[in-house]
file data_38.cif (mmCIF, C-alpha atoms and all ligand atoms)
data_final
loop_
_atom_site.group_PDB
_atom_site.id
_atom_site.type_symbol
_atom_site.label_atom_id
_atom_site.label_comp_id
_atom_site.auth_asym_id
_atom_site.auth_seq_id
_atom_site.Cartn_x
_atom_site.Cartn_y
_atom_site.Cartn_z
ATOM 1 C CA MET S 1 116.912 125.762 139.569
ATOM 2 C CA GLN S 2 116.381 128.348 136.832
ATOM 3 C CA VAL S 3 112.750 128.898 135.811
ATOM 4 C CA HIS S 4 111.591 130.759 132.734
ATOM 5 C CA PHE S 5 108.546 132.890 133.462
ATOM 6 C CA PHE S 6 106.164 135.213 131.671
ATOM 7 C CA LYS S 7 104.246 138.130 133.079
ATOM 8 C CA TYR S 8 100.609 138.603 131.956
ATOM 9 C CA GLN S 9 97.957 141.098 132.942
ATOM 10 C CA GLY S 10 94.213 141.377 132.431
ATOM 11 C CA THR S 11 92.730 144.801 133.239
ATOM 12 C CA GLY S 12 95.658 145.370 135.582
ATOM 13 C CA ASN S 13 95.273 142.108 137.539
ATOM 14 C CA ASP S 14 98.805 140.772 136.994
ATOM 15 C CA PHE S 15 100.243 137.279 137.125
ATOM 16 C CA VAL S 16 103.532 135.444 137.014
ATOM 17 C CA MET S 17 102.813 132.781 134.405
ATOM 18 C CA ILE S 18 104.807 129.580 134.095
ATOM 19 C CA ASP S 19 104.649 126.883 131.433
ATOM 20 C CA ASP S 20 104.676 123.836 133.728
ATOM 21 C CA ARG S 21 103.590 121.231 131.197
ATOM 22 C CA ALA S 22 106.575 119.175 132.384
ATOM 23 C CA GLY S 23 105.182 119.333 135.951
ATOM 24 C CA THR S 24 108.570 120.217 137.446
ATOM 25 C CA PHE S 25 107.879 123.588 139.109
ATOM 26 C CA PRO S 26 108.726 123.231 142.820
ATOM 27 C CA ILE S 27 105.468 124.314 144.467
ATOM 28 C CA ASP S 28 106.167 125.939 147.814
ATOM 29 C CA LYS S 29 104.159 128.673 149.547
ATOM 30 C CA GLU S 30 107.098 130.868 150.548
ATOM 31 C CA ARG S 31 108.767 130.558 147.166
ATOM 32 C CA ILE S 32 105.577 131.601 145.369
ATOM 33 C CA ALA S 33 105.038 134.521 147.768
ATOM 34 C CA ARG S 34 108.586 135.719 147.093
ATOM 35 C CA LEU S 35 108.174 135.484 143.314
ATOM 36 C CA CYS S 36 104.965 137.566 143.603
ATOM 37 C CA ASP S 37 106.589 140.159 145.899
ATOM 38 C CA ARG S 38 106.885 143.500 144.086
ATOM 39 C CA ARG S 39 110.172 144.423 145.793
ATOM 40 C CA PHE S 40 111.977 141.121 146.339
ATOM 41 C CA GLY S 41 110.562 139.247 143.352
ATOM 42 C CA ILE S 42 108.975 139.565 139.923
ATOM 43 C CA GLY S 43 105.748 141.015 141.287
ATOM 44 C CA GLY S 44 102.185 139.874 140.727
ATOM 45 C CA ASP S 45 98.725 139.512 142.273
ATOM 46 C CA GLY S 46 99.159 135.777 141.774
ATOM 47 C CA LEU S 47 101.182 132.996 140.145
ATOM 48 C CA ILE S 48 99.739 130.573 137.630
ATOM 49 C CA LEU S 49 101.034 127.238 136.401
ATOM 50 C CA LEU S 50 99.838 126.011 133.020
ATOM 51 C CA GLN S 51 99.918 122.225 133.329
ATOM 52 C CA ASN S 52 98.980 119.259 131.180
ATOM 53 C CA ASP S 53 95.764 117.390 131.828
ATOM 54 C CA PRO S 54 94.724 114.129 130.167
ATOM 55 C CA ASP S 55 91.110 115.206 129.588
ATOM 56 C CA TYR S 56 91.430 118.915 128.778
ATOM 57 C CA ASP S 57 93.526 121.300 126.664
ATOM 58 C CA PHE S 58 95.365 122.270 129.848
ATOM 59 C CA ARG S 59 95.035 122.705 133.612
ATOM 60 C CA MET S 60 95.259 126.136 135.276
ATOM 61 C CA LYS S 61 96.741 126.057 138.792
ATOM 62 C CA TYR S 62 96.357 129.423 140.509
ATOM 63 C CA PHE S 63 98.094 130.730 143.652
ATOM 64 C CA ASN S 64 97.383 134.022 145.394
ATOM 65 C CA ALA S 65 100.261 136.478 145.946
ATOM 66 C CA ASP S 66 100.641 135.165 149.515
ATOM 67 C CA GLY S 67 101.528 131.768 148.037
ATOM 68 C CA GLY S 68 98.338 130.008 149.104
ATOM 69 C CA GLU S 69 96.406 128.068 146.515
ATOM 70 C CA GLY S 70 93.442 130.287 145.700
ATOM 71 C CA SER S 71 89.972 129.533 144.520
ATOM 72 C CA MET S 72 89.050 130.477 140.938
ATOM 73 C CA CYS S 73 90.585 133.583 139.386
ATOM 74 C CA GLY S 74 88.607 135.033 136.463
ATOM 75 C CA ASN S 75 91.255 137.403 135.160
ATOM 76 C CA GLY S 76 93.892 134.733 135.738
ATOM 77 C CA GLY S 77 91.764 132.355 133.691
ATOM 78 C CA ARG S 78 91.569 134.853 130.861
ATOM 79 C CA ALA S 79 95.334 135.467 131.074
ATOM 80 C CA THR S 80 96.064 131.712 131.078
ATOM 81 C CA VAL S 81 93.946 131.268 127.948
ATOM 82 C CA ARG S 82 95.970 134.047 126.270
ATOM 83 C CA PHE S 83 99.167 132.314 127.416
ATOM 84 C CA ALA S 84 98.021 128.928 126.076
ATOM 85 C CA HIS S 85 97.134 130.642 122.780
ATOM 86 C CA ASP S 86 100.529 132.390 122.627
ATOM 87 C CA LEU S 87 102.272 129.035 123.275
ATOM 88 C CA GLY S 88 100.267 127.338 120.503
ATOM 89 C CA VAL S 89 98.687 124.914 122.995
ATOM 90 C CA ILE S 90 95.194 125.971 121.828
ATOM 91 C CA GLY S 91 93.498 127.577 118.844
ATOM 92 C CA ASP S 92 90.756 130.174 119.148
ATOM 93 C CA GLU S 93 88.498 127.957 121.273
ATOM 94 C CA THR S 94 89.404 125.947 124.343
ATOM 95 C CA ARG S 95 88.132 123.770 127.137
ATOM 96 C CA PHE S 96 90.322 123.649 130.242
ATOM 97 C CA ILE S 97 90.159 122.641 133.881
ATOM 98 C CA ALA S 98 90.675 124.849 136.948
ATOM 99 C CA VAL S 99 90.110 124.477 140.681
ATOM 100 C CA ASP S 100 86.355 125.113 140.354
ATOM 101 C CA GLY S 101 85.857 122.764 137.417
ATOM 102 C CA GLU S 102 85.675 122.951 133.643
ATOM 103 C CA HIS S 103 85.805 126.231 131.677
ATOM 104 C CA GLU S 104 85.371 127.120 128.032
ATOM 105 C CA ALA S 105 86.894 130.200 126.449
ATOM 106 C CA SER S 106 87.305 131.909 123.110
ATOM 107 C CA VAL S 107 90.132 134.114 121.896
ATOM 108 C CA THR S 108 90.325 137.158 119.637
ATOM 109 C CA PRO S 109 93.360 139.461 119.269
ATOM 110 C CA GLU S 110 91.695 141.987 121.601
ATOM 111 C CA ARG S 111 89.643 139.955 124.013
ATOM 112 C CA ILE S 112 89.317 136.683 125.888
ATOM 113 C CA SER S 113 85.818 135.514 126.718
ATOM 114 C CA LEU S 114 85.773 133.036 129.608
ATOM 115 C CA LYS S 115 82.820 130.926 130.659
ATOM 116 C CA MET S 116 82.523 131.045 134.437
ATOM 117 C CA SER S 117 81.073 128.404 136.774
ATOM 118 C CA ASN S 118 77.324 128.485 137.328
ATOM 119 C CA VAL S 119 76.200 130.442 140.385
ATOM 120 C CA ASN S 120 73.964 128.738 142.924
ATOM 121 C CA GLY S 121 72.493 131.482 145.045
ATOM 122 C CA LEU S 122 72.772 134.792 146.792
ATOM 123 C CA GLU S 123 73.171 135.335 150.535
ATOM 124 C CA GLU S 124 71.727 138.595 151.815
ATOM 125 C CA PHE S 125 73.161 140.533 154.757
ATOM 126 C CA PRO S 126 72.020 143.909 156.120
ATOM 127 C CA GLU S 127 74.887 145.872 154.571
ATOM 128 C CA TYR S 128 75.938 143.719 151.641
ATOM 129 C CA GLN S 129 75.308 140.599 149.554
ATOM 130 C CA PHE S 130 77.445 137.495 149.201
ATOM 131 C CA MET S 131 77.896 135.253 146.174
ATOM 132 C CA ASN S 132 80.337 132.528 145.154
ATOM 133 C CA THR S 133 81.419 132.851 141.514
ATOM 134 C CA GLY S 134 84.250 130.303 141.828
ATOM 135 C CA SER S 135 85.681 132.503 144.591
ATOM 136 C CA PRO S 136 83.822 133.985 147.573
ATOM 137 C CA HIS S 137 82.693 137.601 147.138
ATOM 138 C CA VAL S 138 80.967 140.175 149.282
ATOM 139 C CA VAL S 139 79.360 142.940 147.160
ATOM 140 C CA ALA S 140 78.406 146.292 148.719
ATOM 141 C CA PHE S 141 77.031 149.273 146.802
ATOM 142 C CA LYS S 142 78.685 152.614 147.597
ATOM 143 C CA PRO S 143 78.127 156.117 146.223
ATOM 144 C CA ASN S 144 81.192 158.192 145.254
ATOM 145 C CA LEU S 145 83.207 155.012 144.934
ATOM 146 C CA ALA S 146 86.213 156.851 143.477
ATOM 147 C CA ASP S 147 86.748 158.490 146.881
ATOM 148 C CA PHE S 148 85.912 155.442 149.012
ATOM 149 C CA ASN S 149 88.512 153.872 151.322
ATOM 150 C CA VAL S 150 88.507 150.388 149.766
ATOM 151 C CA TYR S 151 91.509 149.137 151.746
ATOM 152 C CA ASP S 152 90.230 149.980 155.246
ATOM 153 C CA GLU S 153 86.580 149.104 154.619
ATOM 154 C CA GLY S 154 87.477 145.946 152.678
ATOM 155 C CA TYR S 155 89.945 144.866 155.356
ATOM 156 C CA ALA S 156 87.316 145.313 158.093
ATOM 157 C CA ILE S 157 84.861 142.971 156.343
ATOM 158 C CA ARG S 158 87.503 140.485 155.160
ATOM 159 C CA TYR S 159 88.828 140.061 158.724
ATOM 160 C CA ALA S 160 85.432 140.076 160.479
ATOM 161 C CA ASN S 161 85.188 136.890 162.572
ATOM 162 C CA ASP S 162 82.350 135.279 160.658
ATOM 163 C CA TRP S 163 84.143 135.587 157.349
ATOM 164 C CA VAL S 164 87.467 134.385 158.728
ATOM 165 C CA ALA S 165 85.645 131.323 160.098
ATOM 166 C CA ARG S 166 84.264 130.661 156.605
ATOM 167 C CA GLY S 167 87.742 130.741 155.086
ATOM 168 C CA GLY S 168 87.819 134.409 154.161
ATOM 169 C CA THR S 169 86.211 136.449 151.431
ATOM 170 C CA ASN S 170 87.069 138.991 148.787
ATOM 171 C CA VAL S 171 85.227 142.291 149.175
ATOM 172 C CA ASN S 172 83.845 144.299 146.238
ATOM 173 C CA PHE S 173 82.430 147.802 146.300
ATOM 174 C CA ALA S 174 80.214 148.767 143.378
ATOM 175 C CA GLU S 175 78.535 151.906 142.037
ATOM 176 C CA GLN S 176 76.063 152.082 139.165
ATOM 177 C CA ILE S 177 77.417 154.461 136.498
ATOM 178 C CA GLY S 178 74.976 153.845 133.625
ATOM 179 C CA ASP S 179 71.874 151.854 132.608
ATOM 180 C CA ASP S 180 73.764 148.560 132.540
ATOM 181 C CA ALA S 181 77.131 149.798 133.745
ATOM 182 C CA LEU S 182 79.042 149.569 137.017
ATOM 183 C CA PHE S 183 82.272 150.808 138.560
ATOM 184 C CA VAL S 184 83.798 148.149 140.826
ATOM 185 C CA ARG S 185 86.758 148.239 143.238
ATOM 186 C CA THR S 186 87.944 145.101 145.058
ATOM 187 C CA TYR S 187 89.872 144.214 148.196
ATOM 188 C CA GLU S 188 91.361 140.800 147.396
ATOM 189 C CA ARG S 189 91.887 137.995 149.858
ATOM 190 C CA GLY S 190 95.332 136.428 149.438
ATOM 191 C CA VAL S 191 96.718 139.665 148.023
ATOM 192 C CA GLU S 192 95.408 141.480 151.122
ATOM 193 C CA ASP S 193 95.161 144.751 149.268
ATOM 194 C CA GLU S 194 93.051 146.478 146.664
ATOM 195 C CA THR S 195 93.855 145.146 143.195
ATOM 196 C CA TYR S 196 93.242 146.921 139.873
ATOM 197 C CA SER S 197 90.671 144.317 138.865
ATOM 198 C CA CYS S 198 89.182 141.041 140.059
ATOM 199 C CA GLY S 199 87.346 138.950 137.472
ATOM 200 C CA THR S 200 85.310 136.733 139.784
ATOM 201 C CA GLY S 201 84.519 139.860 141.856
ATOM 202 C CA VAL S 202 83.389 141.783 138.788
ATOM 203 C CA THR S 203 81.217 138.796 137.874
ATOM 204 C CA ALA S 204 79.642 138.708 141.356
ATOM 205 C CA SER S 205 79.112 142.479 141.271
ATOM 206 C CA ALA S 206 77.378 142.311 137.889
ATOM 207 C CA LEU S 207 75.064 139.474 138.984
ATOM 208 C CA VAL S 208 74.217 141.134 142.301
ATOM 209 C CA SER S 209 73.540 144.437 140.499
ATOM 210 C CA HIS S 210 71.143 142.572 138.202
ATOM 211 C CA LEU S 211 69.278 141.131 141.207
ATOM 212 C CA LYS S 212 69.269 144.244 143.388
ATOM 213 C CA LEU S 213 69.276 147.133 140.879
ATOM 214 C CA GLY S 214 67.875 145.550 137.713
ATOM 215 C CA LEU S 215 70.937 145.909 135.477
ATOM 216 C CA GLN S 216 70.618 143.715 132.371
ATOM 217 C CA SER S 217 73.097 141.423 130.616
ATOM 218 C CA PRO S 218 75.634 142.297 129.275
ATOM 219 C CA VAL S 219 76.719 144.437 132.232
ATOM 220 C CA LYS S 220 79.674 146.689 131.437
ATOM 221 C CA VAL S 221 82.099 147.028 134.319
ATOM 222 C CA LYS S 222 84.764 149.676 134.740
ATOM 223 C CA VAL S 223 87.615 148.771 137.108
ATOM 224 C CA LEU S 224 90.807 150.643 138.013
ATOM 225 C CA GLY S 225 92.717 148.714 135.324
ATOM 226 C CA GLY S 226 90.264 148.926 132.417
ATOM 227 C CA ASN S 227 86.919 147.566 131.263
ATOM 228 C CA LEU S 228 85.226 144.164 131.428
ATOM 229 C CA GLU S 229 81.853 142.823 130.379
ATOM 230 C CA VAL S 230 79.699 140.163 132.059
ATOM 231 C CA SER S 231 76.874 138.364 130.230
ATOM 232 C CA PHE S 232 74.603 135.790 131.879
ATOM 233 C CA SER S 233 71.249 133.982 131.972
ATOM 234 C CA ASP S 234 69.178 134.466 135.114
ATOM 235 C CA LYS S 235 67.679 131.092 136.121
ATOM 236 C CA GLY S 236 65.772 132.390 139.162
ATOM 237 C CA ASN S 237 66.388 132.249 142.928
ATOM 238 C CA GLY S 238 69.881 133.669 142.616
ATOM 239 C CA THR S 239 71.042 130.985 140.200
ATOM 240 C CA PHE S 240 72.801 131.897 136.964
ATOM 241 C CA GLU S 241 74.094 129.981 133.949
ATOM 242 C CA ASP S 242 75.959 130.866 130.744
ATOM 243 C CA ILE S 243 78.051 133.422 132.584
ATOM 244 C CA TYR S 244 80.811 134.930 130.430
ATOM 245 C CA LEU S 245 83.545 137.303 131.569
ATOM 246 C CA THR S 246 85.045 139.165 128.606
ATOM 247 C CA GLY S 247 87.926 141.592 128.307
ATOM 248 C CA PRO S 248 91.586 142.049 127.365
ATOM 249 C CA ALA S 249 94.534 139.969 128.616
ATOM 250 C CA GLU S 250 98.096 140.278 127.362
ATOM 251 C CA ARG S 251 101.726 139.344 127.807
ATOM 252 C CA VAL S 252 103.851 142.086 129.376
ATOM 253 C CA PHE S 253 107.377 140.616 129.591
ATOM 254 C CA GLU S 254 109.345 137.426 130.175
ATOM 255 C CA GLY S 255 112.532 136.440 131.957
ATOM 256 C CA SER S 256 114.340 133.864 134.046
ATOM 257 C CA VAL S 257 114.537 133.556 137.790
ATOM 258 C CA GLU S 258 116.396 131.320 140.210
ATOM 259 C CA VAL S 259 113.931 129.504 142.477
HETATM 260 N N1 LIG L 301 91.734 138.180 141.082
HETATM 261 C C1 LIG L 301 90.968 136.997 140.936
HETATM 262 C C2 LIG L 301 90.305 136.489 142.144
HETATM 263 C C3 LIG L 301 91.246 135.704 142.943
HETATM 264 C C4 LIG L 301 90.536 135.149 144.108
HETATM 265 C C5 LIG L 301 91.379 135.158 145.287
HETATM 266 N N2 LIG L 301 91.855 136.457 145.694
HETATM 267 C C6 LIG L 301 90.701 134.435 146.412
HETATM 268 O O1 LIG L 301 89.485 134.310 146.436
HETATM 269 O O2 LIG L 301 91.427 133.979 147.285
HETATM 270 C C7 LIG L 301 89.972 137.125 139.810
HETATM 271 O O3 LIG L 301 90.259 137.807 138.836
HETATM 272 O O4 LIG L 301 88.914 136.507 139.833
#

call {"tool": "encode", "arguments": {"input": "data_38.cif", "output": "structure tokens", "more": "lines below"}}
Ligand SMILES: N[C@H](CCC[C@H](N)C(=O)O)C(=O)O
result
Amino acid sequence: MQVHFFKYQGTGNDFVMIDDRAGTFPIDKERIARLCDRRFGIGGDGLILLQNDPDYDFRMKYFNADGGEGSMCGNGGRATVRFAHDLGVIGDETRFIAVDGEHEASVTPERISLKMSNVNGLEEFPEYQFMNTGSPHVVAFKPNLADFNVYDEGYAIRYANDWVARGGTNVNFAEQIGDDALFVRTYERGVEDETYSCGTGVTASALVSHLKLGLQSPVKVKVLGGNLEVSFSDKGNGTFEDIYLTGPAERVFEGSVEV
């Protein structure tokens, strides 16, 4: 069947976006992986279906580039809100449902601000921290991050036995670059490569930098694909509420593909 698709990106984290309000997209792991392949398909870090939901403005269904259904995707959430706004499904405010629960978001021409799930604690390891921000994230601080080998070092942690047993993790490397500013690079599970930006990873990095280095909300985060901002309320003991991930998200192109 012929499927009309859109391509969206948020700080260089890019997604094949499909209006599936009819619920007819044939979900299949290999098909989704092929659509996300940059040589044999459209290309994307993930594929997102915008679906109807009886209780919310819409449902966001996110798949990683390998075709597996992922956990929450922050940039994908921001891109889906832009898509819903472009389609006229929502106005400038929305409430939608994703794999990790309910989200609110607001839209301006330049930015999408997405409310993230509350965070319920930090796990400390000798060489890094771990936090779940809707997706699992290791955060390690590294000097000279621009020259760091994110792929090899991220791969080594991602495929370490303990993490594989826990279902895998994304791996973020962060460097403080200002009073309340970070540079973050991420090895993404399910893409199995460094991406230009990872919204849930940026969120985890900002919260961990607040706990470990004292950075204050809003934390400004530079990634390979642009700039994001994370604001939050610290509720003590590694718990956080009112977490907002803010930054640009836009349509890049559209087309049709045989699936
Ligand atoms: N890029 C996404 C994260 C996707 C998470 C996924 N890679 C996983 O945990 O399996 C983001 O912007 O939050």

call {"tool": "closest_residue", "arguments": {"input": "data_38.cif", "among": "S:Glu188, S:Glu110, S:Asp57, S:Asp19", "to": "Thr94 (chain S)", "atoms": "only C-alpha atoms"}}
result
S:Asp57

call {"tool": "residues_near_point", "arguments": {"input": "data_38.cif", "point": "(80.2, 149.9, 135.0)", "cutoff": "8 Å", "atoms": "only C-alpha atoms", "output": "PyMOL selection string"}}
result
chain S and resi 175-178+180-184+219-223

call {"tool": "axis_aligned_box", "arguments": {"input": "data_38.cif", "around": "region 120-132 of chain S", "padding_each_side": "6 Å", "output": "AutoDock Vina command-line options"}}
result
--center_x 76.0 --center_y 137.3 --center_z 149.5 --size_x 20.6 --size_y 29.1 --size_z 25.2

call {"tool": "atom_distance", "arguments": {"input": "data_38.cif", "atom1": "CA of Ile157 (chain S)", "atom2": "CA of Tyr128 (chain S)"}}
result
10.1 Å

call {"tool": "closest_residue", "arguments": {"input": "data_38.cif", "among": "S:Gly201, S:Pro54, S:Gly121, S:Pro126", "to": "ligand LIG 301 (chain L)", "atoms": "only C-alpha atoms and all ligand atoms"}}
result
S:Gly201

call {"tool": "closest_atom_pairs", "arguments": {"input": "data_38.cif", "of": "chain S", "to": "ligand LIG 301 (chain L)", "cutoff": "6 Å", "atoms": "only C-alpha atoms and all ligand atoms", "output": "JSON lines"}}
result
{"residue": "S:Gly70", "atom": "CA", "partner": "L:LIG301", "partner_atom": "O2", "distance": 4.5}
{"residue": "S:Ser71", "atom": "CA", "partner": "L:LIG301", "partner_atom": "O1", "distance": 5.2}
{"residue": "S:Met72", "atom": "CA", "partner": "L:LIG301", "partner_atom": "C4", "distance": 5.8}
{"residue": "S:Cys73", "atom": "CA", "partner": "L:LIG301", "partner_atom": "O4", "distance": 3.4}
{"residue": "S:Gly74", "atom": "CA", "partner": "L:LIG301", "partner_atom": "O4", "distance": 3.7}
{"residue": "S:Asn75", "atom": "CA", "partner": "L:LIG301", "partner_atom": "O3", "distance": 3.8}
{"residue": "S:Gly76", "atom": "CA", "partner": "L:LIG301", "partner_atom": "O3", "distance": 5.7}
{"residue": "S:Ser135", "atom": "CA", "partner": "L:LIG301", "partner_atom": "O1", "distance": 4.6}
{"residue": "S:Pro136", "atom": "CA", "partner": "L:LIG301", "partner_atom": "O1", "distance": 5.8}
{"residue": "S:Asn170", "atom": "CA", "partner": "L:LIG301", "partner_atom": "O1", "distance": 5.8}
{"residue": "S:Glu188", "atom": "CA", "partner": "L:LIG301", "partner_atom": "N2", "distance": 4.7}
{"residue": "S:Arg189", "atom": "CA", "partner": "L:LIG301", "partner_atom": "N2", "distance": 4.4}
{"residue": "S:Gly190", "atom": "CA", "partner": "L:LIG301", "partner_atom": "O2", "distance": 5.1}
{"residue": "S:Cys198", "atom": "CA", "partner": "L:LIG301", "partner_atom": "O3", "distance": 3.6}
{"residue": "S:Gly199", "atom": "CA", "partner": "L:LIG301", "partner_atom": "O3", "distance": 3.4}
{"residue": "S:Thr200", "atom": "CA", "partner": "L:LIG301", "partner_atom": "O4", "distance": 3.6}
{"residue": "S:Gly201", "atom": "CA", "partner": "L:LIG301", "partner_atom": "O4", "distance": 5.9}

call {"tool": "atom_distance", "arguments": {"input": "data_38.cif", "atom1": "CA of Ala105 (chain S)", "atom2": "CA of Tyr244 (chain S)"}}
result
8.7 Å

call {"tool": "atom_distance", "arguments": {"input": "data_38.cif", "atom1": "CA of Tyr151 (chain S)", "atom2": "CA of Val171 (chain S)"}}
result
9.6 Å

call {"tool": "resolve_selection", "arguments": {"input": "data_38.cif", "expression": "the PyMOL selection byres (((chain S and resi 91) around 12) and not hetatm)", "output": "PyMOL selection string"}}
result
chain S and resi 57+81-90+92-95+105-109

call {"tool": "residues_around", "arguments": {"input": "data_38.cif", "residues": "Gly238 (chain S)", "least_positions_apart": "3", "cutoff": "8 Å", "atoms": "all atoms listed in the file", "output": "VMD selection string"}}
result
chain S and resid 119 to 122 211 234 to 235

call {"tool": "write_last_selection", "arguments": {"input": "data_38.cif", "atoms": "C-alpha atoms", "output": "short mmCIF file (atom, residue, chain, number, x, y, z; two decimals), keeping the file's coordinate frame"}}
result
data_model
loop_
_atom_site.label_atom_id
_atom_site.label_comp_id
_atom_site.auth_asym_id
_atom_site.auth_seq_id
_atom_site.Cartn_x
_atom_site.Cartn_y
_atom_site.Cartn_z
CA VAL S 119 76.20 130.44 140.38
CA ASN S 120 73.96 128.74 142.92
CA GLY S 121 72.49 131.48 145.04
CA LEU S 122 72.77 134.79 146.79
CA LEU S 211 69.28 141.13 141.21
CA ASP S 234 69.18 134.47 135.11
CA LYS S 235 67.68 131.09 136.12
#

call {"tool": "residues_around", "arguments": {"input": "data_38.cif", "residues": "region 35-50 of chain S", "least_positions_apart": "4", "cutoff": "7 Å", "atoms": "all atoms listed in the file", "output": "list in words"}}
result
Asn13, Asp14, Phe15, Val16, Met17, Ile18, Asp19, Asp20, Arg21, Arg31, Phe58, Arg59, Met60, Lys61, Tyr62, Phe63, Asn64, Ala65 and Val191 of chain S

call {"tool": "resolve_selection", "arguments": {"input": "data_38.cif", "expression": "the PyMOL selection byres (((chain S and resi 168) around 8) and not hetatm)", "output": "MDAnalysis selection string"}}
result
chainID S and resid 136 158:159 163:167 169:170 189

call {"tool": "resolve_selection", "arguments": {"input": "data_38.cif", "expression": "the PyMOL selection byres (((chain S and resi 242) around 9) and not hetatm)", "output": "list of chain:residue names"}}
result
S:Lys115, S:Met116, S:Ser117, S:Asn118, S:Ser231, S:Phe232, S:Ser233, S:Asp234, S:Phe240, S:Glu241, S:Ile243, S:Tyr244

call {"tool": "residues_around", "arguments": {"input": "data_38.cif", "residues": "Glu127 (chain S)", "least_positions_apart": "2", "cutoff": "12 Å", "atoms": "all atoms listed in the file", "output": "PyMOL selection string"}}
result
chain S and resi 123-125+129-130+138-142+157+173

call {"tool": "closest_residue", "arguments": {"input": "data_38.cif", "among": "S:Leu145, S:Met131, S:Ala249, S:Leu228", "to": "Ser209 (chain S)", "atoms": "all atoms listed in the file"}}
result
S:Met131

call {"tool": "closest_residue", "arguments": {"input": "data_38.cif", "among": "S:Asn161, S:Thr203, S:Gln216, S:Ser197", "to": "Asp179 (chain S)", "atoms": "only C-alpha atoms"}}
result
S:Gln216
